[in-house]
>>> print(open('my_file_15.cif').read())   # mmCIF, C-alpha atoms
data_model
loop_
_atom_site.label_atom_id
_atom_site.label_comp_id
_atom_site.auth_asym_id
_atom_site.auth_seq_id
_atom_site.Cartn_x
_atom_site.Cartn_y
_atom_site.Cartn_z
CA MET A 1 2.50 -7.04 4.33
CA SER A 2 6.21 -7.16 5.00
CA GLY A 3 9.43 -6.70 3.07
CA GLY A 4 11.27 -3.82 1.47
CA GLY A 5 8.69 -3.28 -1.25
CA TRP A 6 5.88 -2.93 1.27
CA TRP A 7 7.97 -0.66 3.46
CA LEU A 8 8.65 1.59 0.46
CA ALA A 9 5.00 1.44 -0.63
CA ASP A 10 4.02 2.57 2.89
CA ARG A 11 6.45 5.50 2.68
CA VAL A 12 5.22 6.52 -0.80
CA SER A 13 1.59 6.24 0.30
CA LEU A 14 2.27 9.15 2.70
CA LEU A 15 1.94 11.34 -0.41
CA LEU A 16 -1.77 10.44 -0.51
CA SER A 17 -4.56 11.81 1.66
CA THR A 18 -5.16 9.88 4.91
CA GLU A 19 -8.46 8.32 3.77
CA GLU A 20 -7.14 7.34 0.38
CA ARG A 21 -3.96 5.96 1.91
CA ASP A 22 -5.92 3.66 4.20
CA ALA A 23 -8.26 2.51 1.44
CA VAL A 24 -5.39 1.80 -0.96
CA ARG A 25 -3.31 -0.06 1.62
CA GLY A 26 -6.36 -2.12 2.53
CA ASP A 27 -7.14 -2.90 -1.12
CA LEU A 28 -3.57 -3.99 -1.75
CA ALA A 29 -3.52 -6.17 1.38
CA GLU A 30 -6.85 -7.75 0.43
CA SER A 31 -5.83 -8.53 -3.13
CA GLY A 32 -2.60 -10.12 -1.86
CA GLU A 33 -0.20 -8.04 -3.97
CA GLY A 34 3.54 -8.59 -3.57
CA GLY A 35 5.78 -5.83 -2.28
CA ARG A 36 7.07 -4.74 -5.70
CA GLU A 37 3.61 -4.73 -7.24
CA ALA A 38 2.22 -2.79 -4.27
CA LEU A 39 4.99 -0.22 -4.63
CA ALA A 40 4.29 0.16 -8.36
CA GLN A 41 0.56 0.59 -7.70
CA VAL A 42 1.03 3.21 -4.99
CA LEU A 43 3.64 5.07 -7.07
CA GLY A 44 1.24 5.08 -10.02
CA LEU A 45 -1.59 6.54 -7.95
CA ALA A 46 0.64 9.15 -6.30
CA ALA A 47 2.00 10.19 -9.74
CA ARG A 48 -1.53 10.52 -11.13
CA ARG A 49 -2.64 12.58 -8.13
CA HIS A 50 0.32 14.94 -8.46
CA ALA A 51 0.01 15.18 -12.25
CA ALA A 52 -3.65 16.18 -11.82
CA GLY A 53 -2.48 19.37 -10.11
CA TRP A 54 -0.70 20.45 -13.32
CA LYS A 55 -3.84 20.31 -15.47
CA ASN A 56 -4.68 24.00 -14.99
CA CYS A 57 -2.53 27.01 -15.83
CA ARG A 58 -1.81 28.25 -12.27
CA PRO A 59 1.11 25.93 -11.40
CA TRP A 60 2.62 26.53 -14.85
CA CYS A 61 2.38 30.30 -14.33
CA ALA A 62 3.99 29.94 -10.90
CA LEU A 63 6.77 27.79 -12.39
CA LEU A 64 7.46 30.32 -15.15
CA LEU A 65 7.50 33.18 -12.65
CA ALA A 66 9.77 31.30 -10.25
CA THR A 67 12.13 30.33 -13.08
CA GLY A 68 12.30 33.91 -14.36
CA MET A 69 12.92 35.32 -10.88
CA GLY A 70 15.46 32.61 -10.17
CA LEU A 71 17.43 33.44 -13.30
CA LYS A 72 17.31 37.16 -12.48
CA LEU A 73 18.49 36.41 -8.96
CA VAL A 74 21.39 34.32 -10.23
CA ARG A 75 22.45 37.09 -12.64
CA GLN A 76 22.19 39.80 -10.01
CA SER A 77 23.93 37.89 -7.28
CA ALA A 78 26.92 36.73 -9.37
CA PRO A 79 28.99 39.96 -9.07
CA LEU A 80 28.04 40.26 -5.41
CA ILE A 81 29.23 36.72 -4.66
CA HIS A 82 32.47 37.49 -6.47
CA ARG A 83 33.14 40.57 -4.38
CA SER A 84 32.09 39.00 -1.08
CA ALA A 85 34.20 35.90 -1.70
CA THR A 86 37.25 37.99 -2.56
CA TYR A 87 36.99 40.12 0.60
CA ALA A 88 36.22 37.13 2.81
CA TRP A 89 39.27 35.31 1.44
CA MET A 90 41.47 38.37 1.90
CA TYR A 91 40.54 38.71 5.56
CA LEU A 92 40.72 34.99 6.34
CA ALA A 93 43.97 34.27 4.49
CA ASN A 94 45.82 37.30 5.81
CA TRP A 95 44.46 37.34 9.34
CA ARG A 96 46.84 38.50 12.06
CA MET A 97 45.77 39.00 15.63
CA ALA A 98 47.98 42.09 15.84
CA ASP A 99 45.77 43.81 13.23
CA ALA A 100 42.75 43.45 15.49
CA GLY A 101 44.26 46.04 17.82
CA ASN A 102 44.31 48.61 15.01
CA THR A 103 41.24 50.89 15.10
CA GLY A 104 41.33 51.57 11.38
CA PHE A 105 41.52 47.86 10.57
CA ARG A 106 38.65 47.07 12.92
CA ARG A 107 36.53 49.81 11.38
CA LEU A 108 37.28 48.54 7.87
CA LEU A 109 36.58 44.93 8.84
CA LEU A 110 33.29 45.92 10.45
CA ARG A 111 32.27 47.94 7.42
CA GLU A 112 33.15 45.13 5.01
CA SER A 113 31.43 42.47 7.14
CA ALA A 114 28.31 44.58 7.34
CA GLN A 115 28.49 45.17 3.61
CA ILE A 116 28.81 41.42 2.89
CA LEU A 117 26.00 40.58 5.30
CA LEU A 118 23.66 43.33 4.16
CA SER A 119 24.30 42.84 0.51
CA GLY A 120 23.74 39.15 0.98
CA LEU A 121 20.39 39.82 2.62
CA LEU A 122 19.16 42.59 0.36
CA LEU A 123 20.83 41.22 -2.78
CA ASN A 124 22.58 44.52 -3.16
CA GLU A 125 19.75 45.97 -5.22
CA ARG A 126 21.29 49.42 -5.43
CA ARG A 127 24.61 48.12 -6.68
CA THR A 128 22.86 45.94 -9.24
CA ALA A 129 20.75 48.86 -10.36
CA LYS A 130 23.91 50.97 -10.67
CA HIS A 131 25.57 48.21 -12.70
CA CYS A 132 22.50 48.02 -14.90
CA ARG A 133 22.57 51.79 -15.45
CA VAL A 134 26.28 51.65 -16.29
CA ARG A 135 25.72 48.74 -18.67
CA CYS A 136 22.77 50.50 -20.28
CA GLY A 137 24.89 53.63 -20.67
CA LEU A 138 27.70 51.64 -22.27
CA LEU A 139 25.25 49.90 -24.57
CA CYS A 140 23.65 53.22 -25.55
CA ARG A 141 27.09 54.66 -26.24
CA ALA A 142 28.04 51.59 -28.27
CA ASP A 143 24.79 51.94 -30.25
CA GLY A 144 25.47 55.63 -30.78
CA ALA A 145 28.97 54.88 -32.00
CA MET B 1 -20.79 10.38 -23.01
CA LEU B 2 -18.94 7.98 -20.73
CA GLY B 3 -15.50 6.57 -21.34
CA GLU B 4 -15.01 2.83 -21.70
CA PHE B 5 -13.35 2.42 -18.32
CA GLU B 6 -15.97 4.61 -16.65
CA TYR B 7 -18.63 2.30 -18.05
CA LEU B 8 -16.76 -0.75 -16.75
CA LEU B 9 -16.63 0.73 -13.25
CA LEU B 10 -20.30 1.73 -13.30
CA SER B 11 -21.19 -1.82 -14.40
CA ALA B 12 -19.02 -3.30 -11.64
CA ALA B 13 -20.62 -1.01 -9.04
CA ALA B 14 -24.11 -1.93 -10.24
CA LYS B 15 -23.28 -5.65 -10.20
CA LEU B 16 -21.67 -5.61 -6.75
CA GLY B 17 -24.42 -3.49 -5.18
CA GLU B 18 -23.81 -3.01 -1.44
CA ASN B 19 -20.43 -4.75 -1.70
CA ALA B 20 -18.92 -2.33 -4.19
CA TYR B 21 -15.56 -1.00 -3.02
CA GLY B 22 -12.05 -0.55 -4.48
CA ALA B 23 -10.61 -4.07 -4.35
CA ALA B 24 -13.90 -5.78 -5.28
CA MET B 25 -14.46 -3.46 -8.25
CA ARG B 26 -10.90 -4.02 -9.39
CA ALA B 27 -11.43 -7.78 -9.30
CA GLU B 28 -14.78 -7.42 -11.11
CA THR B 29 -13.35 -5.33 -13.95
CA GLY B 30 -10.43 -7.78 -14.10
CA LYS B 31 -12.92 -10.63 -14.62
CA ALA B 32 -14.64 -8.71 -17.42
CA THR B 33 -11.53 -7.60 -19.29
CA GLY B 34 -9.10 -10.38 -18.38
CA LYS B 35 -6.62 -7.87 -16.95
CA MET B 36 -6.51 -6.17 -13.56
CA CYS B 37 -6.59 -2.39 -13.79
CA SER B 38 -4.15 -0.29 -11.78
CA ILE B 39 -5.13 1.22 -8.44
CA GLY B 40 -4.24 4.64 -9.88
CA ALA B 41 -6.65 4.25 -12.80
CA LEU B 42 -9.35 2.93 -10.47
CA TYR B 43 -9.21 5.71 -7.88
CA THR B 44 -8.79 8.62 -10.30
CA THR B 45 -11.73 7.34 -12.38
CA LEU B 46 -13.85 6.91 -9.25
CA ASP B 47 -13.09 10.55 -8.38
CA ARG B 48 -14.12 11.65 -11.87
CA LEU B 49 -17.36 9.66 -11.73
CA GLU B 50 -18.13 11.11 -8.32
CA ALA B 51 -17.48 14.64 -9.60
CA LYS B 52 -19.93 13.97 -12.44
CA GLY B 53 -22.51 12.80 -9.89
CA LEU B 54 -22.65 9.27 -11.33
CA ILE B 55 -21.53 7.52 -8.12
CA GLU B 56 -21.34 8.25 -4.39
CA THR B 57 -18.43 7.10 -2.25
CA TRP B 58 -17.83 6.99 1.47
CA MET B 59 -15.40 5.34 3.87
CA GLY B 60 -16.70 2.02 5.16
CA ALA B 61 -15.77 -0.23 8.05
CA ALA B 62 -12.33 -1.75 8.56
CA THR B 63 -11.87 -5.52 8.38
CA ALA B 64 -9.14 -7.84 9.65
CA GLN B 65 -8.72 -9.22 6.10
CA ARG B 66 -7.55 -5.76 5.06
CA GLY B 67 -5.16 -5.31 7.96
CA GLY B 68 -7.70 -3.20 9.85
CA ARG B 69 -8.00 -0.65 7.06
CA PRO B 70 -11.33 0.85 5.94
CA LYS B 71 -12.86 0.40 2.47
CA ARG B 72 -13.87 3.14 0.07
CA MET B 73 -17.46 2.08 -0.60
CA VAL B 74 -19.14 2.95 -3.90
CA ARG B 75 -22.80 3.31 -4.83
CA ILE B 76 -24.10 4.07 -8.33
CA THR B 77 -26.59 6.96 -8.46
CA GLY B 78 -29.72 7.29 -10.64
CA GLU B 79 -27.74 9.54 -12.98
CA GLY B 80 -25.03 6.89 -13.13
CA ARG B 81 -27.54 4.19 -14.10
CA LYS B 82 -28.96 6.44 -16.81
CA ALA B 83 -25.49 7.27 -18.18
CA ALA B 84 -24.45 3.59 -18.21
CA ALA B 85 -27.70 2.51 -19.90
CA GLY B 86 -27.21 5.29 -22.49
CA PHE B 87 -23.64 4.17 -23.17
CA TYR B 88 -24.74 0.54 -23.55
CA ALA B 89 -27.55 1.48 -25.93
CA THR B 90 -25.16 3.60 -28.03
CA VAL B 91 -22.61 0.76 -28.27
CA MET B 92 -25.35 -1.70 -29.23
CA ARG B 93 -26.73 0.67 -31.90
CA ALA B 94 -23.26 1.42 -33.25
CA SER B 95 -22.44 -2.30 -33.40
CA ARG B 96 -25.49 -3.34 -35.40
CA GLY B 97 -24.47 -4.81 -38.76
CA VAL B 98 -20.71 -4.68 -38.20
CA SER B 99 -18.73 -7.81 -39.00
CA TRP B 100 -17.73 -8.72 -35.42
CA GLU B 101 -21.35 -8.45 -34.32
CA THR B 102 -22.88 -10.45 -37.17
CA ASN B 103 -20.15 -13.14 -37.02
CA ARG B 104 -20.23 -13.34 -33.22
CA ALA B 105 -21.63 -16.92 -33.24
CA GLY B 106 -18.76 -18.06 -35.44
CA VAL B 107 -16.02 -16.54 -33.32
CA ALA B 108 -14.05 -19.11 -31.35
CA PRO B 109 -14.14 -18.47 -27.57
#
>>> encode(input="my_file_15.cif", output="structure tokens")
Amino acid sequence: MSGGGWWLADRVSLLLSTEERDAVRGDLAESGEGGREALAQVLGLAARRHAAGWKNCRPWCALLLATGMGLKLVRQSAPLIHRSATYAWMYLANWRMADAGNTGFRRLLLRESAQILLSGLLLNERRTAKHCRVRCGLLCRADGA
Amino acid sequence: MLGEFEYLLLSAAAKLGENAYGAAMRAETGKATGKMCSIGALYTTLDRLEAKGLIETWMGAATAQRGGRPKRMVRITGEGRKAAAGFYATVMRASRGVSWETNRAGVAP
């Protein structure tokens, strides 16, 4: 039981339950399989075990939900990323130590940093909602016209 | 109704008796079919048979031959024997009068 194939088979067998892992490794050792064959056997079993979890509808529902939410998240965060990146670049590219002494500049920097941080954490729901309302309004107007 | 591979495993378990475990059953089905089954097919089918109540499995003792790893021991239950006997009887009934059954003596080994 040595060689790259066996080492990989050992790593892949970590996907199995402890009891099954021991039984499978023992069976493979007893039947004198080579490293590559052992790896193929363990991979096959691990794939079957994981595929079995997809036989009912729950994981599919979770996948659909996660995909839908992920797409929504991407759409909502795109304008936010744009704005945050622009402000971050503006501050970093035009940074002068002399500005730091200016109270107005400091206040503005603090406000913008907080805005970037908060909007990053809360995904700027209010802004997105406002955008949605504006878009809906524009669409309604376009329909009306 | 059993599947073909389920029947093969039940037969192997019945034949091996107290010595029925993963590697031995794999070798036994290999002898019967001429081709070794995969470990994946073996263990997932054992799980299915156990869920149906046709076999019982438990972890056995470790041996040096297996690198100190334990065996998954298998025992056929009464229900399992009944199901296997039923499958065999069905196959025998279904095979009566078909060409490969009637010409069996003439088939070259």
>>> interface_residues(input="my_file_15.cif", of="chain A", to="chain B", cutoff="7 Å", atoms="all atoms listed in the file", output="JSON, numbers by chain")
{"A": [22, 23, 26, 27, 29, 30, 31, 41, 44, 45, 48]}
>>> write_last_selection(input="my_file_15.cif", atoms="C-alpha atoms", output="compact mmCIF listing (two decimals), in the frame of the given file")
# COMPACT_ATOMS: atom_id res chain seq x y z
CA ASP A 22 -5.92 3.66 4.20
CA ALA A 23 -8.26 2.51 1.44
CA GLY A 26 -6.36 -2.12 2.53
CA ASP A 27 -7.14 -2.90 -1.12
CA ALA A 29 -3.52 -6.17 1.38
CA GLU A 30 -6.85 -7.75 0.43
CA SER A 31 -5.83 -8.53 -3.13
CA GLN A 41 0.56 0.59 -7.70
CA GLY A 44 1.24 5.08 -10.02
CA LEU A 45 -1.59 6.54 -7.95
CA ARG A 48 -1.53 10.52 -11.13
>>> closest_residue(input="my_file_15.cif", among="A:Leu15, A:Ala114, A:Ala85, A:Ala66", to="His50 of chain A", atoms="all atoms listed in the file")
A:Leu15
>>> resolve_selection(input="my_file_15.cif", expression="the PyMOL selection byres ((chain B and resi 54) around 7)", output="PDB file with C-alpha atoms, keeping the file's coordinate frame")
ATOM      1  CA  LEU B  49     -17.360   9.660 -11.730  1.00  0.00           C
ATOM      2  CA  GLU B  50     -18.130  11.110  -8.320  1.00  0.00           C
ATOM      3  CA  LYS B  52     -19.930  13.970 -12.440  1.00  0.00           C
ATOM      4  CA  GLY B  53     -22.510  12.800  -9.890  1.00  0.00           C
ATOM      5  CA  ILE B  55     -21.530   7.520  -8.120  1.00  0.00           C
ATOM      6  CA  ILE B  76     -24.100   4.070  -8.330  1.00  0.00           C
ATOM      7  CA  THR B  77     -26.590   6.960  -8.460  1.00  0.00           C
ATOM      8  CA  GLU B  79     -27.740   9.540 -12.980  1.00  0.00           C
ATOM      9  CA  GLY B  80     -25.030   6.890 -13.130  1.00  0.00           C
TER      10      GLY B  80
END
>>> residues_around(input="my_file_15.cif", residues="Ala83 of chain B", least_positions_apart="6", cutoff="9 Å", atoms="all atoms listed in the file", output="PyMOL selection string")
chain B and resi 1-2+7+54
>>> decode(input="my_file_15.cif", residues="segment 25-45 of chain A", atoms="N, CA and C atoms", output="PDB file, in the first residue's frame")
ATOM      1  N   ARG A  25     -10.587   0.371   2.640  1.00  0.00           N
ATOM      2  CA  ARG A  25      -9.117   0.302   2.558  1.00  0.00           C
ATOM      3  C   ARG A  25      -8.648  -1.125   2.807  1.00  0.00           C
ATOM      4  N   GLY A  26      -9.260  -1.782   3.763  1.00  0.00           N
ATOM      5  CA  GLY A  26      -8.908  -3.165   4.074  1.00  0.00           C
ATOM      6  C   GLY A  26      -9.204  -4.092   2.908  1.00  0.00           C
ATOM      7  N   ASP A  27     -10.384  -3.914   2.296  1.00  0.00           N
ATOM      8  CA  ASP A  27     -10.764  -4.750   1.144  1.00  0.00           C
ATOM      9  C   ASP A  27      -9.783  -4.569  -0.008  1.00  0.00           C
ATOM     10  N   LEU A  28      -9.405  -3.316  -0.237  1.00  0.00           N
ATOM     11  CA  LEU A  28      -8.481  -3.041  -1.346  1.00  0.00           C
ATOM     12  C   LEU A  28      -7.104  -3.633  -1.064  1.00  0.00           C
ATOM     13  N   ALA A  29      -6.667  -3.528   0.189  1.00  0.00           N
ATOM     14  CA  ALA A  29      -5.360  -4.088   0.561  1.00  0.00           C
ATOM     15  C   ALA A  29      -5.386  -5.612   0.426  1.00  0.00           C
ATOM     16  N   GLU A  30      -6.492  -6.201   0.851  1.00  0.00           N
ATOM     17  CA  GLU A  30      -6.604  -7.670   0.809  1.00  0.00           C
ATOM     18  C   GLU A  30      -6.647  -8.191  -0.624  1.00  0.00           C
ATOM     19  N   SER A  31      -7.357  -7.464  -1.496  1.00  0.00           N
ATOM     20  CA  SER A  31      -7.457  -7.961  -2.875  1.00  0.00           C
ATOM     21  C   SER A  31      -6.245  -7.574  -3.716  1.00  0.00           C
ATOM     22  N   GLY A  32      -5.285  -6.878  -3.113  1.00  0.00           N
ATOM     23  CA  GLY A  32      -4.015  -6.588  -3.788  1.00  0.00           C
ATOM     24  C   GLY A  32      -4.136  -5.656  -4.976  1.00  0.00           C
ATOM     25  N   GLU A  33      -5.048  -4.694  -4.896  1.00  0.00           N
ATOM     26  CA  GLU A  33      -5.233  -3.734  -5.998  1.00  0.00           C
ATOM     27  C   GLU A  33      -4.010  -2.825  -6.117  1.00  0.00           C
ATOM     28  N   GLY A  34      -3.727  -2.373  -7.336  1.00  0.00           N
ATOM     29  CA  GLY A  34      -2.663  -1.392  -7.548  1.00  0.00           C
ATOM     30  C   GLY A  34      -3.160  -0.005  -7.144  1.00  0.00           C
ATOM     31  N   GLY A  35      -2.242   0.938  -7.076  1.00  0.00           N
ATOM     32  CA  GLY A  35      -2.590   2.283  -6.642  1.00  0.00           C
ATOM     33  C   GLY A  35      -3.652   2.945  -7.498  1.00  0.00           C
ATOM     34  N   ARG A  36      -3.499   2.846  -8.826  1.00  0.00           N
ATOM     35  CA  ARG A  36      -4.446   3.495  -9.737  1.00  0.00           C
ATOM     36  C   ARG A  36      -5.829   2.875  -9.619  1.00  0.00           C
ATOM     37  N   GLU A  37      -5.840   1.540  -9.552  1.00  0.00           N
ATOM     38  CA  GLU A  37      -7.120   0.825  -9.441  1.00  0.00           C
ATOM     39  C   GLU A  37      -7.805   1.167  -8.114  1.00  0.00           C
ATOM     40  N   ALA A  38      -6.990   1.228  -7.047  1.00  0.00           N
ATOM     41  CA  ALA A  38      -7.536   1.569  -5.725  1.00  0.00           C
ATOM     42  C   ALA A  38      -8.146   2.969  -5.757  1.00  0.00           C
ATOM     43  N   LEU A  39      -7.448   3.878  -6.398  1.00  0.00           N
ATOM     44  CA  LEU A  39      -7.942   5.259  -6.495  1.00  0.00           C
ATOM     45  C   LEU A  39      -9.274   5.293  -7.260  1.00  0.00           C
ATOM     46  N   ALA A  40      -9.329   4.561  -8.373  1.00  0.00           N
ATOM     47  CA  ALA A  40     -10.564   4.528  -9.170  1.00  0.00           C
ATOM     48  C   ALA A  40     -11.715   3.949  -8.350  1.00  0.00           C
ATOM     49  N   GLN A  41     -11.423   2.902  -7.582  1.00  0.00           N
ATOM     50  CA  GLN A  41     -12.471   2.253  -6.775  1.00  0.00           C
ATOM     51  C   GLN A  41     -13.001   3.196  -5.694  1.00  0.00           C
ATOM     52  N   VAL A  42     -12.089   3.859  -5.004  1.00  0.00           N
ATOM     53  CA  VAL A  42     -12.493   4.763  -3.922  1.00  0.00           C
ATOM     54  C   VAL A  42     -13.244   5.970  -4.492  1.00  0.00           C
ATOM     55  N   LEU A  43     -12.748   6.488  -5.620  1.00  0.00           N
ATOM     56  CA  LEU A  43     -13.434   7.614  -6.272  1.00  0.00           C
ATOM     57  C   LEU A  43     -14.854   7.223  -6.675  1.00  0.00           C
ATOM     58  N   GLY A  44     -14.989   6.019  -7.209  1.00  0.00           N
ATOM     59  CA  GLY A  44     -16.303   5.525  -7.630  1.00  0.00           C
ATOM     60  C   GLY A  44     -17.271   5.458  -6.460  1.00  0.00           C
ATOM     61  N   LEU A  45     -16.783   4.916  -5.345  1.00  0.00           N
ATOM     62  CA  LEU A  45     -17.653   4.789  -4.161  1.00  0.00           C
ATOM     63  C   LEU A  45     -18.024   6.168  -3.618  1.00  0.00           C
TER      64      LEU A  45
END
